[in-house]
Structures are given as structure tokens and as C-alpha cells.
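As stored in query.csv (CSV, C-alpha atoms and all ligand atoms):
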chain,number,residue,atom,x,y,z
O,2,MET,CA,-4.9,-4.8,-10.5
O,3,LYS,CA,-7.9,-6.9,-9.5
O,4,ALA,CA,-7.2,-9.6,-6.9
O,5,ALA,CA,-8.4,-13.1,-7.5
O,6,VAL,CA,-11.1,-13.3,-4.8
O,7,GLN,CA,-10.5,-16.4,-2.7
O,8,GLN,CA,-11.1,-16.8,1.0
O,9,VAL,CA,-7.9,-18.5,1.8
O,10,PHE,CA,-7.1,-17.0,5.2
O,11,GLU,CA,-9.6,-18.7,7.4
O,12,GLY,CA,-8.6,-18.9,11.1
O,13,VAL,CA,-6.0,-16.1,10.9
O,14,VAL,CA,-5.7,-14.7,14.4
O,15,ASP,CA,-5.9,-11.1,15.4
O,16,TRP,CA,-2.4,-10.8,16.9
O,17,LEU,CA,-1.6,-7.1,16.5
O,18,PRO,CA,-0.2,-5.7,19.8
O,19,GLY,CA,-2.2,-2.5,19.5
O,20,ARG,CA,-4.7,-1.0,17.2
O,21,PRO,CA,-3.6,1.0,15.3
O,22,VAL,CA,-0.2,-0.6,16.0
O,23,THR,CA,2.9,1.6,16.0
O,24,ILE,CA,6.2,0.1,14.8
O,25,ALA,CA,9.2,2.4,14.8
O,26,GLY,CA,13.0,2.2,14.7
O,27,PRO,CA,15.9,2.8,12.5
O,28,CYS,CA,16.2,1.5,8.9
O,29,SER,CA,19.3,-0.4,10.1
O,30,ALA,CA,20.9,-1.5,13.3
O,31,GLU,CA,24.3,0.3,13.2
O,32,SER,CA,25.8,0.1,16.7
O,33,GLU,CA,24.8,-0.9,20.2
O,34,GLN,CA,24.8,2.7,21.2
O,35,GLN,CA,22.6,3.8,18.3
O,36,MET,CA,20.1,1.0,18.9
O,37,LEU,CA,19.7,1.5,22.6
O,38,ARG,CA,19.6,5.3,22.5
O,39,THR,CA,17.0,5.2,19.7
O,40,ALA,CA,15.0,2.6,21.5
O,41,HIS,CA,14.9,4.4,24.9
O,42,GLU,CA,13.9,7.7,23.1
O,43,LEU,CA,11.1,5.8,21.3
O,44,SER,CA,10.0,4.0,24.3
O,45,ALA,CA,9.7,7.3,26.2
O,46,ILE,CA,7.0,8.5,23.7
O,47,GLY,CA,4.8,5.9,25.2
O,48,LYS,CA,3.0,5.1,21.9
O,49,VAL,CA,5.5,2.7,20.2
O,50,ASP,CA,4.4,-0.9,20.5
O,51,VAL,CA,7.2,-2.5,18.4
O,52,PHE,CA,10.8,-1.6,17.8
O,53,ARG,CA,12.1,-2.3,14.3
O,54,ALA,CA,15.7,-2.5,12.8
O,55,GLY,CA,17.1,-4.0,9.7
O,56,ILE,CA,20.0,-6.4,10.4
O,57,TRP,CA,20.6,-7.6,6.8
O,58,LYS,CA,20.0,-4.9,4.3
O,59,PRO,CA,19.1,-5.6,0.7
O,60,ARG,CA,21.1,-2.9,-1.2
O,61,THR,CA,21.2,-1.8,-4.7
O,62,ARG,CA,25.0,-1.8,-4.9
O,63,PRO,CA,27.3,-4.3,-3.2
O,64,SER,CA,29.5,-1.5,-1.9
O,65,ASP,CA,26.6,0.0,0.1
O,66,PHE,CA,26.3,-0.8,3.9
O,67,GLU,CA,24.8,-4.2,4.0
O,68,GLY,CA,23.9,-4.4,7.7
O,69,VAL,CA,25.7,-5.6,10.8
O,70,GLY,CA,24.4,-9.2,10.8
O,71,GLU,CA,24.1,-11.3,13.9
O,72,ALA,CA,25.5,-8.7,16.3
O,73,GLY,CA,22.4,-6.6,15.6
O,74,LEU,CA,20.2,-9.4,16.8
O,75,LYS,CA,21.9,-9.2,20.2
O,76,TRP,CA,21.2,-5.4,20.4
O,77,LEU,CA,17.6,-6.0,19.4
O,78,LYS,CA,17.2,-8.5,22.3
O,79,GLN,CA,18.8,-6.0,24.6
O,80,VAL,CA,16.2,-3.4,23.5
O,81,LYS,CA,13.4,-5.8,24.4
O,82,GLU,CA,15.0,-6.5,27.8
O,83,GLU,CA,15.6,-2.8,28.6
O,84,THR,CA,12.5,-1.2,27.3
O,85,GLY,CA,9.8,-3.9,27.2
O,86,MET,CA,9.0,-3.1,23.5
O,87,MET,CA,8.5,-6.0,21.2
O,88,ILE,CA,11.1,-6.3,18.5
O,89,THR,CA,11.0,-7.1,14.7
O,90,THR,CA,13.5,-7.4,11.9
O,91,GLU,CA,13.5,-8.2,8.2
O,92,ILE,CA,14.4,-11.8,7.1
O,93,ALA,CA,15.2,-12.7,3.5
O,94,ASN,CA,16.3,-16.4,3.7
O,95,PRO,CA,16.1,-19.5,5.9
O,96,GLU,CA,19.4,-18.7,7.7
O,97,HIS,CA,18.0,-15.3,8.7
O,98,VAL,CA,14.9,-17.0,10.1
O,99,GLU,CA,16.9,-19.5,12.2
O,100,LEU,CA,19.0,-16.7,13.6
O,101,ALA,CA,16.0,-14.4,14.4
O,102,LEU,CA,14.3,-17.3,16.2
O,103,LYS,CA,17.5,-17.9,18.2
O,104,TYR,CA,17.5,-14.3,19.5
O,105,ASP,CA,13.8,-14.3,20.4
O,106,ILE,CA,12.7,-11.8,17.8
O,107,ASP,CA,8.9,-11.3,18.3
O,108,MET,CA,7.8,-10.9,14.7
O,109,LEU,CA,9.4,-11.0,11.3
O,110,TRP,CA,8.9,-9.1,8.1
O,111,VAL,CA,9.7,-10.0,4.5
O,112,GLY,CA,10.9,-7.1,2.5
O,113,ALA,CA,9.7,-5.7,-0.8
O,114,ARG,CA,12.7,-7.0,-2.8
O,115,THR,CA,12.2,-10.5,-1.5
O,116,VAL,CA,8.4,-10.7,-2.0
O,117,VAL,CA,9.0,-10.3,-5.8
O,118,ASN,CA,10.7,-13.7,-5.8
O,119,PRO,CA,8.3,-16.7,-5.1
O,120,PHE,CA,11.3,-19.1,-4.7
O,121,SER,CA,12.7,-17.1,-1.8
O,122,VAL,CA,9.3,-16.6,-0.2
O,123,GLN,CA,8.6,-20.3,-0.4
O,124,GLU,CA,12.0,-21.1,1.2
O,125,ILE,CA,11.2,-18.7,4.1
O,126,ALA,CA,7.7,-20.2,4.4
O,127,ASP,CA,9.1,-23.7,4.6
O,128,THR,CA,11.5,-22.7,7.4
O,129,LEU,CA,8.5,-21.3,9.3
O,130,LYS,CA,6.5,-24.5,9.3
O,131,GLY,CA,5.4,-25.3,12.9
O,132,VAL,CA,6.8,-22.0,14.2
O,133,ASN,CA,4.3,-19.7,15.9
O,134,ILE,CA,5.7,-16.3,15.0
O,135,PRO,CA,3.8,-13.4,13.4
O,136,VAL,CA,5.0,-12.6,9.8
O,137,MET,CA,4.4,-9.3,8.0
O,138,ILE,CA,4.7,-9.2,4.2
O,139,LYS,CA,5.7,-6.0,2.5
O,140,ASN,CA,4.1,-5.3,-0.8
O,141,PRO,CA,6.4,-6.2,-3.8
O,142,ILE,CA,8.2,-3.3,-5.4
O,143,THR,CA,6.0,-3.7,-8.5
O,144,PRO,CA,2.3,-3.0,-8.2
O,145,ASP,CA,1.2,-6.6,-8.4
O,146,ILE,CA,-1.5,-7.4,-5.8
O,147,ASN,CA,-1.5,-11.1,-6.6
O,148,LEU,CA,2.2,-11.4,-5.9
O,149,TRP,CA,1.6,-9.8,-2.5
O,150,ILE,CA,-1.4,-12.1,-1.7
O,151,GLY,CA,0.7,-15.0,-3.1
O,152,ALA,CA,3.4,-14.4,-0.5
O,153,LEU,CA,0.7,-14.3,2.3
O,154,GLU,CA,-0.7,-17.5,1.0
O,155,ARG,CA,2.7,-19.3,1.0
O,156,MET,CA,3.1,-18.4,4.7
O,157,TYR,CA,-0.5,-19.4,5.5
O,158,ARG,CA,-0.2,-22.8,3.8
O,159,ASN,CA,2.8,-23.5,6.1
O,160,GLY,CA,0.7,-22.8,9.1
O,161,VAL,CA,1.6,-19.2,9.8
O,162,LYS,CA,-1.7,-17.9,11.3
O,163,LYS,CA,-0.4,-14.5,12.5
O,164,LEU,CA,-0.1,-12.5,9.4
O,165,ALA,CA,-0.2,-8.8,8.3
O,166,ALA,CA,0.6,-7.0,5.1
O,167,ILE,CA,2.8,-3.9,5.0
O,168,HIS,CA,2.0,-1.2,2.4
O,169,ARG,CA,5.3,0.5,1.5
O,170,GLY,CA,4.3,1.9,-1.9
O,171,PHE,CA,5.3,0.9,-5.4
O,172,TYR,CA,8.2,1.8,-7.6
O,173,LEU,CA,7.0,3.6,-10.8
O,174,PHE,CA,9.1,5.0,-13.5
O,175,GLU,CA,7.0,8.2,-13.6
O,176,ARG,CA,8.2,11.2,-11.7
O,177,SER,CA,6.4,11.8,-8.5
O,178,PRO,CA,7.0,13.7,-5.3
O,179,TYR,CA,7.2,10.4,-3.4
O,180,ARG,CA,9.9,7.8,-3.4
O,181,ASN,CA,7.3,5.1,-3.9
O,182,ALA,CA,3.8,5.7,-5.3
O,183,PRO,CA,1.2,4.9,-2.6
O,184,MET,CA,-1.4,3.6,-5.1
O,185,TRP,CA,-3.9,3.4,-2.2
O,186,GLU,CA,-6.3,1.4,-4.4
O,187,ILE,CA,-4.1,-1.7,-4.0
O,188,PRO,CA,-4.1,-2.0,-0.2
O,189,ILE,CA,-7.8,-1.1,-0.3
O,190,GLU,CA,-8.4,-3.9,-2.8
O,191,LEU,CA,-6.4,-6.2,-0.5
O,192,LYS,CA,-8.7,-5.2,2.5
O,193,ARG,CA,-11.8,-5.8,0.4
O,194,THR,CA,-10.8,-9.3,-0.7
O,195,HIS,CA,-9.1,-10.4,2.5
O,196,PRO,CA,-10.5,-8.3,5.4
O,197,GLU,CA,-9.0,-10.7,7.9
O,198,ILE,CA,-5.4,-9.6,7.0
O,199,PRO,CA,-4.4,-6.4,8.8
O,200,VAL,CA,-2.7,-3.8,6.7
O,201,ILE,CA,0.1,-1.7,8.2
O,202,CYS,CA,1.2,1.4,6.3
O,203,ASP,CA,4.9,2.2,6.0
O,204,PRO,CA,4.9,5.9,5.2
O,205,SER,CA,8.7,6.2,5.4
O,206,HIS,CA,9.3,4.2,2.3
O,207,ILE,CA,6.4,5.8,0.5
O,208,SER,CA,7.5,9.4,1.3
O,209,GLY,CA,11.3,9.0,1.1
O,210,THR,CA,11.6,12.2,3.2
O,211,PRO,CA,10.1,13.5,6.4
O,212,GLU,CA,8.1,16.1,4.5
O,213,TYR,CA,5.1,14.0,3.5
O,214,LEU,CA,5.2,11.6,6.5
O,215,PRO,CA,2.4,13.3,8.5
O,216,GLU,CA,0.0,13.5,5.6
O,217,ILE,CA,0.6,10.0,4.5
O,218,SER,CA,0.2,8.7,8.0
O,219,GLN,CA,-3.0,10.6,8.5
O,220,LYS,CA,-4.3,9.3,5.2
O,221,ALA,CA,-3.5,5.7,6.2
O,222,MET,CA,-5.5,6.2,9.4
O,223,ASP,CA,-8.4,7.8,7.5
O,224,LEU,CA,-8.4,4.8,5.2
O,225,ALA,CA,-8.8,2.5,8.3
O,226,MET,CA,-5.3,0.9,7.9
O,227,ASP,CA,-4.3,-1.1,11.0
O,228,GLY,CA,-1.1,0.6,11.9
O,229,LEU,CA,2.1,2.4,11.0
O,230,MET,CA,5.7,1.3,10.5
O,231,ILE,CA,8.0,4.4,10.6
O,232,GLU,CA,11.7,4.7,10.4
O,233,SER,CA,13.2,6.7,13.3
O,234,HIS,CA,16.9,7.2,14.2
O,235,CYS,CA,18.5,9.0,17.2
O,236,ASN,CA,20.7,10.9,14.8
O,237,PRO,CA,18.9,11.0,11.4
O,238,GLY,CA,21.5,12.9,9.5
O,239,LYS,CA,24.1,10.2,10.3
O,240,ALA,CA,22.0,7.2,9.4
O,241,LEU,CA,23.9,4.6,7.2
O,242,THR,CA,20.8,3.6,5.2
O,243,ASP,CA,17.8,5.5,4.0
O,244,MET,CA,19.2,8.6,5.6
O,245,LYS,CA,16.9,11.0,3.9
O,246,GLN,CA,13.8,9.4,5.4
O,247,GLN,CA,14.8,8.9,9.0
O,248,ILE,CA,13.1,11.1,11.6
O,249,SER,CA,14.1,11.7,15.2
O,250,PRO,CA,12.1,10.2,18.0
O,251,GLU,CA,11.1,13.8,18.8
O,252,PHE,CA,9.7,14.4,15.3
O,253,LEU,CA,7.8,11.1,15.6
O,254,LYS,CA,6.3,12.1,19.0
O,255,ASP,CA,5.1,15.3,17.5
O,256,MET,CA,3.6,13.6,14.5
O,257,LEU,CA,1.9,10.9,16.5
O,258,ASP,CA,0.5,13.5,18.9
O,259,LYS,CA,-1.1,15.3,16.0
O,260,LEU,CA,-2.5,12.2,14.3
O,261,VAL,CA,-6.3,12.0,14.4
O,262,ILE,CA,-7.5,8.4,14.9
O,263,ARG,CA,-11.1,8.3,13.7
O,264,LYS,CA,-13.6,5.5,14.4
O,265,GLU,CA,-14.6,3.2,11.5
O,266,TYR,CA,-18.2,2.9,12.8
O,267,GLY,CA,-20.3,5.6,14.6
O,268,GLY,CA,-23.2,5.3,17.0
O,269,ALA,CA,-26.8,4.4,16.0
O,270,MET,CA,-27.8,8.0,15.1
O,271,PHE,CA,-24.8,8.5,13.0
O,272,GLU,CA,-25.3,5.1,11.2
O,273,ASP,CA,-28.9,6.1,10.4
O,274,GLN,CA,-27.9,9.4,8.9
O,275,LEU,CA,-25.1,7.7,7.0
O,276,GLN,CA,-27.5,5.1,5.7
O,277,GLN,CA,-29.8,7.8,4.3
O,278,LEU,CA,-26.9,9.4,2.4
O,279,ARG,CA,-25.8,6.0,1.1
O,280,THR,CA,-29.3,5.3,-0.2
O,281,GLU,CA,-29.1,8.5,-2.2
O,282,ILE,CA,-25.7,7.5,-3.5
O,283,ASP,CA,-27.0,4.1,-4.5
O,284,LYS,CA,-29.8,5.7,-6.4
O,285,LEU,CA,-27.4,8.1,-8.2
O,286,ASP,CA,-25.1,5.3,-9.1
O,287,ALA,CA,-27.9,3.2,-10.5
O,288,GLU,CA,-28.9,6.2,-12.7
O,289,PHE,CA,-25.3,6.8,-13.7
O,290,ILE,CA,-25.0,3.1,-14.9
O,291,HIS,CA,-28.3,3.4,-16.7
O,292,ILE,CA,-27.1,6.5,-18.5
O,293,LEU,CA,-23.8,4.9,-19.4
O,294,SER,CA,-25.5,1.9,-20.8
O,295,ARG,CA,-27.8,4.2,-23.0
O,296,ARG,CA,-24.7,6.1,-24.1
O,297,MET,CA,-23.0,2.8,-25.2
O,298,ASN,CA,-26.1,1.8,-27.1
O,299,LEU,CA,-25.9,5.0,-29.0
O,300,ILE,CA,-22.2,4.2,-29.7
O,301,ASP,CA,-23.4,1.0,-31.3
O,302,GLU,CA,-25.6,2.9,-33.6
O,303,ILE,CA,-22.9,5.4,-34.5
O,304,GLY,CA,-20.4,2.5,-35.1
O,305,ASN,CA,-22.8,0.8,-37.5
O,306,TYR,CA,-23.5,4.1,-39.3
O,307,LYS,CA,-19.8,4.9,-39.7
O,308,LYS,CA,-19.2,1.4,-41.0
O,309,GLU,CA,-21.9,1.7,-43.7
O,310,ASN,CA,-20.4,5.0,-44.8
O,311,ASP,CA,-16.7,4.0,-44.5
O,312,ILE,CA,-15.8,6.6,-41.9
O,313,THR,CA,-13.0,6.2,-39.4
O,314,VAL,CA,-13.8,5.3,-35.8
O,315,PHE,CA,-11.6,8.0,-34.4
O,316,GLN,CA,-12.1,11.6,-35.3
O,317,LEU,CA,-9.6,14.0,-33.7
O,318,LYS,CA,-11.6,17.2,-34.1
O,319,ARG,CA,-14.7,15.8,-32.6
O,320,TRP,CA,-12.8,14.3,-29.6
O,321,THR,CA,-10.9,17.5,-28.9
O,322,GLU,CA,-14.0,19.6,-28.9
O,323,MET,CA,-16.0,17.1,-26.8
O,324,LEU,CA,-13.3,16.9,-24.2
O,325,GLN,CA,-12.9,20.7,-23.9
O,326,GLN,CA,-16.7,21.3,-23.7
O,327,ARG,CA,-17.2,18.6,-21.0
O,328,LEU,CA,-14.3,19.9,-19.0
O,329,ARG,CA,-15.7,23.4,-19.1
O,330,VAL,CA,-19.1,22.2,-17.9
O,331,GLY,CA,-17.5,20.0,-15.3
O,332,SER,CA,-15.4,22.8,-13.9
O,333,GLU,CA,-18.5,25.1,-13.7
O,334,GLN,CA,-20.1,22.3,-11.6
O,335,GLY,CA,-17.1,22.0,-9.3
O,336,LEU,CA,-15.6,18.7,-10.6
O,337,ASP,CA,-11.9,18.2,-10.4
O,338,LYS,CA,-10.4,18.6,-13.9
O,339,GLU,CA,-8.0,15.8,-13.7
O,340,PHE,CA,-10.6,13.4,-12.4
O,341,LEU,CA,-13.1,14.3,-15.0
O,342,SER,CA,-10.5,14.2,-17.8
O,343,GLN,CA,-9.5,10.6,-16.8
O,344,LEU,CA,-13.2,9.6,-16.6
O,345,LEU,CA,-14.0,11.0,-20.0
O,346,LYS,CA,-10.9,9.4,-21.6
O,347,LEU,CA,-11.9,6.0,-20.1
O,348,ILE,CA,-15.4,6.4,-21.6
O,349,HIS,CA,-14.0,7.4,-24.9
O,350,LYS,CA,-11.6,4.5,-24.9
O,351,GLU,CA,-14.5,2.1,-24.4
O,352,SER,CA,-16.5,3.8,-27.2
O,353,LEU,CA,-13.6,3.3,-29.5
O,354,ARG,CA,-13.3,-0.3,-28.5
O,355,ILE,CA,-17.0,-0.9,-29.2
O,356,GLN,CA,-16.8,0.8,-32.6
O,357,THR,CA,-13.7,-1.1,-33.6
O,358,GLU,CA,-15.4,-4.3,-32.8
O,359,ILE,CA,-18.3,-3.3,-35.0
O,360,MET,CA,-15.9,-2.4,-37.9
O,361,ASN,CA,-14.1,-5.8,-37.6
O,362,LYS,CA,-17.3,-7.8,-37.6
O,363,LYS,CA,-17.7,-9.7,-40.9
O,401,LIG,C1,13.1,-1.4,5.3
O,401,LIG,O1,12.0,-1.5,5.9
O,401,LIG,O2,14.1,-0.8,5.7
O,401,LIG,C2,13.2,-1.9,3.9
O,401,LIG,C3,14.3,-2.4,3.3
O,401,LIG,O3,12.0,-1.8,3.3
O,401,LIG,P1,11.4,-2.3,1.9
O,401,LIG,O4,11.6,-3.8,1.8
O,401,LIG,O5,10.0,-1.9,1.9
O,401,LIG,O6,12.2,-1.6,0.8
O,402,MN,MN,14.6,1.5,5.1
Would you mind writing the structure in this file as C-alpha cells?
Ligand code: PEP
Ligand code: MN
Amino acid sequence: MKAAVQQVFEGVVDWLPGRPVTIAGPCSAESEQQMLRTAHELSAIGKVDVFRAGIWKPRTRPSDFEGVGEAGLKWLKQVKEETGMMITTEIANPEHVELALKYDIDMLWVGARTVVNPFSVQEIADTLKGVNIPVMIKNPITPDINLWIGALERMYRNGVKKLAAIHRGFYLFERSPYRNAPMWEIPIELKRTHPEIPVICDPSHISGTPEYLPEISQKAMDLAMDGLMIESHCNPGKALTDMKQQISPEFLKDMLDKLVIRKEYGGAMFEDQLQQLRTEIDKLDAEFIHILSRRMNLIDEIGNYKKENDITVFQLKRWTEMLQQRLRVGSEQGLDKEFLSQLLKLIHKESLRIQTEIMNKK
């Protein structure tokens, strides 16, 4: 998952209209009435900076509702004129870009299904050359951080300086309560390697239902993400796309009112105290790494000893007993079982790798 570290986004401008920025609106534009009613209700919340609506919908089956097309752009423009909110829509090809520009759309986003295809992303980027419009890039459906960064790079190389990433979760085959697994480590890695790119969380596509929206939104804020994009519809039960995850503007208001926005940096006293705690952590981590290294040296010795005596690298009984004993001790000391189990398995995997290498040495 590691991103290739490269400072490619020099000169990117801070363009977000609000921090954290709130983008809300229906998954799809369906009718003039649905758009204007939703927009007025969202605008009345007083916390929504940007109104979103999909005009062209990438659908799994061709028989599904594929969006209203150009008519929806007219409604979006009307939303801007009547409410003063900025407007955004998804574009997936050069024709979409041209039309969006014609209707004064304020910012564009490239969807998760488009980002997986570098040809499409490049075509869009080429169309945006010399156009000063903000572009948001959703993460690709697959958990590939470099594909995500690659799409941002293609825009940047064509002169797009107002960029943001949207974290909408990743499709995994495993069963999970969420529609798309958040895999928070990926947007965090993006922030680490490219801190100049704001990251907006889309909890609607992560959750897939209203149920987890508040907790995912709060987590995004606690991880210092730069905003939220949330699907909201004036009549959620009647929505033509992503019906299960639309929330009413009223639900959104309640959720936004309860959201706690914490500061990323505190005052001098707080920073002093934090620094002391961090020094402790640094010391413990140094000890931890030293202990790991001593452990791996012992593994070397064991590996050589097993080799001399023709003993297998892996011994099921020993491993099962070890794991159980460590988990018992860990649980007595208040460590999460799943976390410790994963950590021990990782260490064991590395031990097996080292011993196998020793066995294979001529
Ligand atoms: C959407 O925002 O409605 C959408 C299609 O999202 P994604 O590209 O993340 O699936
Ligand atoms: Mn949607």
C-alpha cells in the first residue's frame, strides 16, 4: 500500500470553500422539483458549502437509471442562482467536462469507476488544460493508492492547481458491515506523502446506509480530514440511485449539529504536555525495535540449529501454544485480542521467512 513518495504537487492552492468543507446533495439529479427542494432544505441548514448531484451515473447494469444528462446541469445552475451554494457534479469524459463548463459548474469530481482507468483520466485531464476549475478525485474502487495519486498527478501536470482527494472507501470481497471498506490507513498515507492535497471523506459510499454515517463522519473529523461529501435527498425512500444511503436534509442537520470538530493543534501548554508524552512513546518504540531485533537474532540461531538437525521450519504445536499463551498474557494486560493476534502472526511470518532463507542457503 505504500505510496511512492514524490513531492509533485508544488504550488497547489488552498481552494476549499470552508474547512472542514461540507458538500451535500442527492446521488442523482432526478427532476427540477427534487433538485430545488433538496437544495433549499440543505441551504437552510446553514452549514452546507457545496451542493452535489450526479448528472451522468455510472451504473452496474445498462437497465439502471443512468442520469438525466444535460437537463440536470440547468437545474444545478438554478440551485446556485436560488441558494448561493456552490455546485459540483461528476464528470467521466471530455464531453461531460465541456458541458459542465458551459453551465458554470464550480467544481468537478472524477468518480471511483473512472479513476481506475488511466486512459479516461488522461482524456479528462487533457480537456482541463488551461481551465481554472477545482477537481476532486475519488479513490479508485480497488485499494491502490498509487492509482489514486496517479490521477491527481495527471490533473496537476495539465495545470490543475485546485485539487482534492475524496475518500469513498474500497470494494473488498470480504463481508463487512460497510458497503465499502474505509481502510483509513490509505487516506492517512496519502496525507503523509502529499500533505498539500486536502482529503474529503464521503461517508455515504463507505457506509451504504444511514446507520454508520454519524460514526464514520466523526472518525473522518478526528483523523483531521478536510471535509465531508454526504448524499442527501428530499425524499430518500424514493431516490432513483443509491436509495439505501440517502438521508433527508433533516437527518443531515441533526448529524452535523452533533459532529465534534476538534483542533489539530492545541495551545502552548497542551503542546508541551503532548511533547512529554510523545518523548515517552519514542523511548518505548526504540526499546520495542531493539527487542524485535534481538528476537530476530535468536531466530537466526534457531534457524541454523534446525538446519543442522534437519528439522522443519514450521512446527504447528509450538506455534499454537505460543499464540495461545501470548494472547492470554496480552488479554490480562488489557491488549485487544484481534490486534495482538495480528501482530503476533506478522512476527511469526517474518520468523518463518528468515528461517526459510537460512534453509535455502547453500
Ligand atoms: C457518487 O458520488 O454518487 C458516485 C457514483 O460515487 P463513486 O464514484 O464514489 O461510486
Ligand atoms: Mn451515489
Near ligand LIG 401 (chain O), 7 Å: chain O residue rows, closest pairs, all atoms listed in the file, as a Markdown table:
| residue | atom | partner | partner_atom | distance |
| --- | --- | --- | --- | --- |
| O:Cys28 | CA | O:LIG401 | O2 | 4.5 |
| O:Ser29 | CA | O:LIG401 | O2 | 6.8 |
| O:Gly55 | CA | O:LIG401 | O2 | 5.9 |
| O:Lys58 | CA | O:LIG401 | C3 | 6.3 |
| O:Pro59 | CA | O:LIG401 | C3 | 6.3 |
| O:Gly112 | CA | O:LIG401 | O4 | 3.4 |
| O:Ala113 | CA | O:LIG401 | O4 | 3.7 |
| O:Arg114 | CA | O:LIG401 | O4 | 5.7 |
| O:Lys139 | CA | O:LIG401 | O5 | 6.0 |
| O:Arg169 | CA | O:LIG401 | O5 | 5.3 |
| O:His206 | CA | O:LIG401 | O5 | 6.2 |
Check your understanding: Counting only C-alpha atoms, what is within 12 Å of Val117 in chain O, bar same-chain residues fewer than 4 positions away, as a list in words?
Key -> Ala93, Val111, Gly112, Ala113, Ser121, Val122, Gln123, Ile138, Lys139, Asn140, Pro141, Ile142, Thr143, Pro144, Asp145, Ile146, Asn147, Leu148, Trp149, Ile150, Gly151, Ala152 and Phe171 of chain O
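Distance-wise, CA of Phe52 in chain O and CA of Pro95 in chain O end up 22.1 Å apart.
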Practice item. Quick one: pull the distance between CA of Ala54 in chain O and CA of Leu100 in chain O, Å, one decimal. Key: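 Taking CA of Ala54 in chain O as the start and CA of Leu100 in chain O as the end point, the length is 14.6 Å.
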Study note, to complete from the structure: Shortest contact to Tyr213 in chain O, candidates O:Leu102, O:Ile46, O:Met360, O:Met256, atoms counted only C-alpha atoms, goes to O:Met256
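Among the candidates O:Trp185, O:Phe10, O:Phe66, O:Phe289, the one nearest to ligand MN 402 (chain O) when counting all atoms listed in the file is O:Phe66.
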Review point. Taking (19.9, -11.0, 14.3) in the file's coordinates, which residues come within 9 Å, counting all atoms listed in the file, written as a PyMOL selection string?
Key: chain O and resi 55-57+69-78+90+97-98+100-104+106
Practice item. Give the answer as one residue: which of O:Gln274, O:Gln316, O:Gln343, O:Gln356 has the shortest atom-to-atom distance to Glu302 in chain O, using only C-alpha atoms? Key: O:Gln356
Practice item. Record the distance separating CA of Ile134 in chain O and CA of Arg155 in chain O, expressed in Å with one decimal. Key: 14.6 Å
**Study point:** Nearest to ligand MN 402 (chain O) by atom-to-atom distance, counting all atoms listed in the file, from O:Thr242, O:Ser233, O:Asn298, O:Gln34
**Key:**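 Under the stated criterion, the closest residue is O:Thr242.
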Exercise for review: Find the spatial neighbours of Lys338 in chain O, counting all atoms listed in the file, within a cut-off of 10 Å - ignore same-chain residues fewer than 4 positions away - and output them as a VMD selection string.
Suggested key: chain O and resid 327 to 329 331 to 332 342 to 344
Review point. Can you tell me, as a PyMOL selection string, what residues are no more than 9 Å from Arg263 in chain O when counting only C-alpha atoms, ignoring any on the same chain fewer than 3 positions away?
Key: chain O and resi 222-223+225+266
Point to revise | Contacts of Thr128 in chain O within 9 Å, all atoms listed in the file, excl. fewer than 3 positions in-chain, as a list in words | key: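 So the residues in contact are Asn94, Pro95, Glu96, Val98, Glu99, Gln123, Glu124, Ile125, Gly131, Val132 and Asn159 of chain O.
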What are the centre and edge lengths in Å, to one decimal, of the axis-aligned box around all listed atoms of range 214-219 of chain O with 4 Å added on each side, as JSON?
{"center_x": 1.1, "center_y": 11.1, "center_z": 6.5, "size_x": 16.2, "size_y": 12.8, "size_z": 12.0}
Check your understanding: Looking at O:Ser218, O:Asn118, O:Gln247, O:Asn133, which one is nearest to ligand MN 402 (chain O), with distances taken over only C-alpha atoms and all ligand atoms?
Key ->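 Comparing O:Ser218, O:Asn118, O:Gln247, O:Asn133 against ligand MN 402 (chain O), the winner is O:Gln247.
All protein and nucleic acid residues in the vicinity of (2.9, 0.5, 3.8), that is within 7 Å when counting all atoms listed in the file, are Ile167, His168, Arg169, Gly170, Ile201, Cys202, Asp203 and Pro204 of chain O.
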Study note, to complete from the structure: For ligand MN 402 (chain O), the closest of O:Ala30, O:Ile282, O:Ile88, O:Ala269 counting all atoms listed in the file is O:Ala30
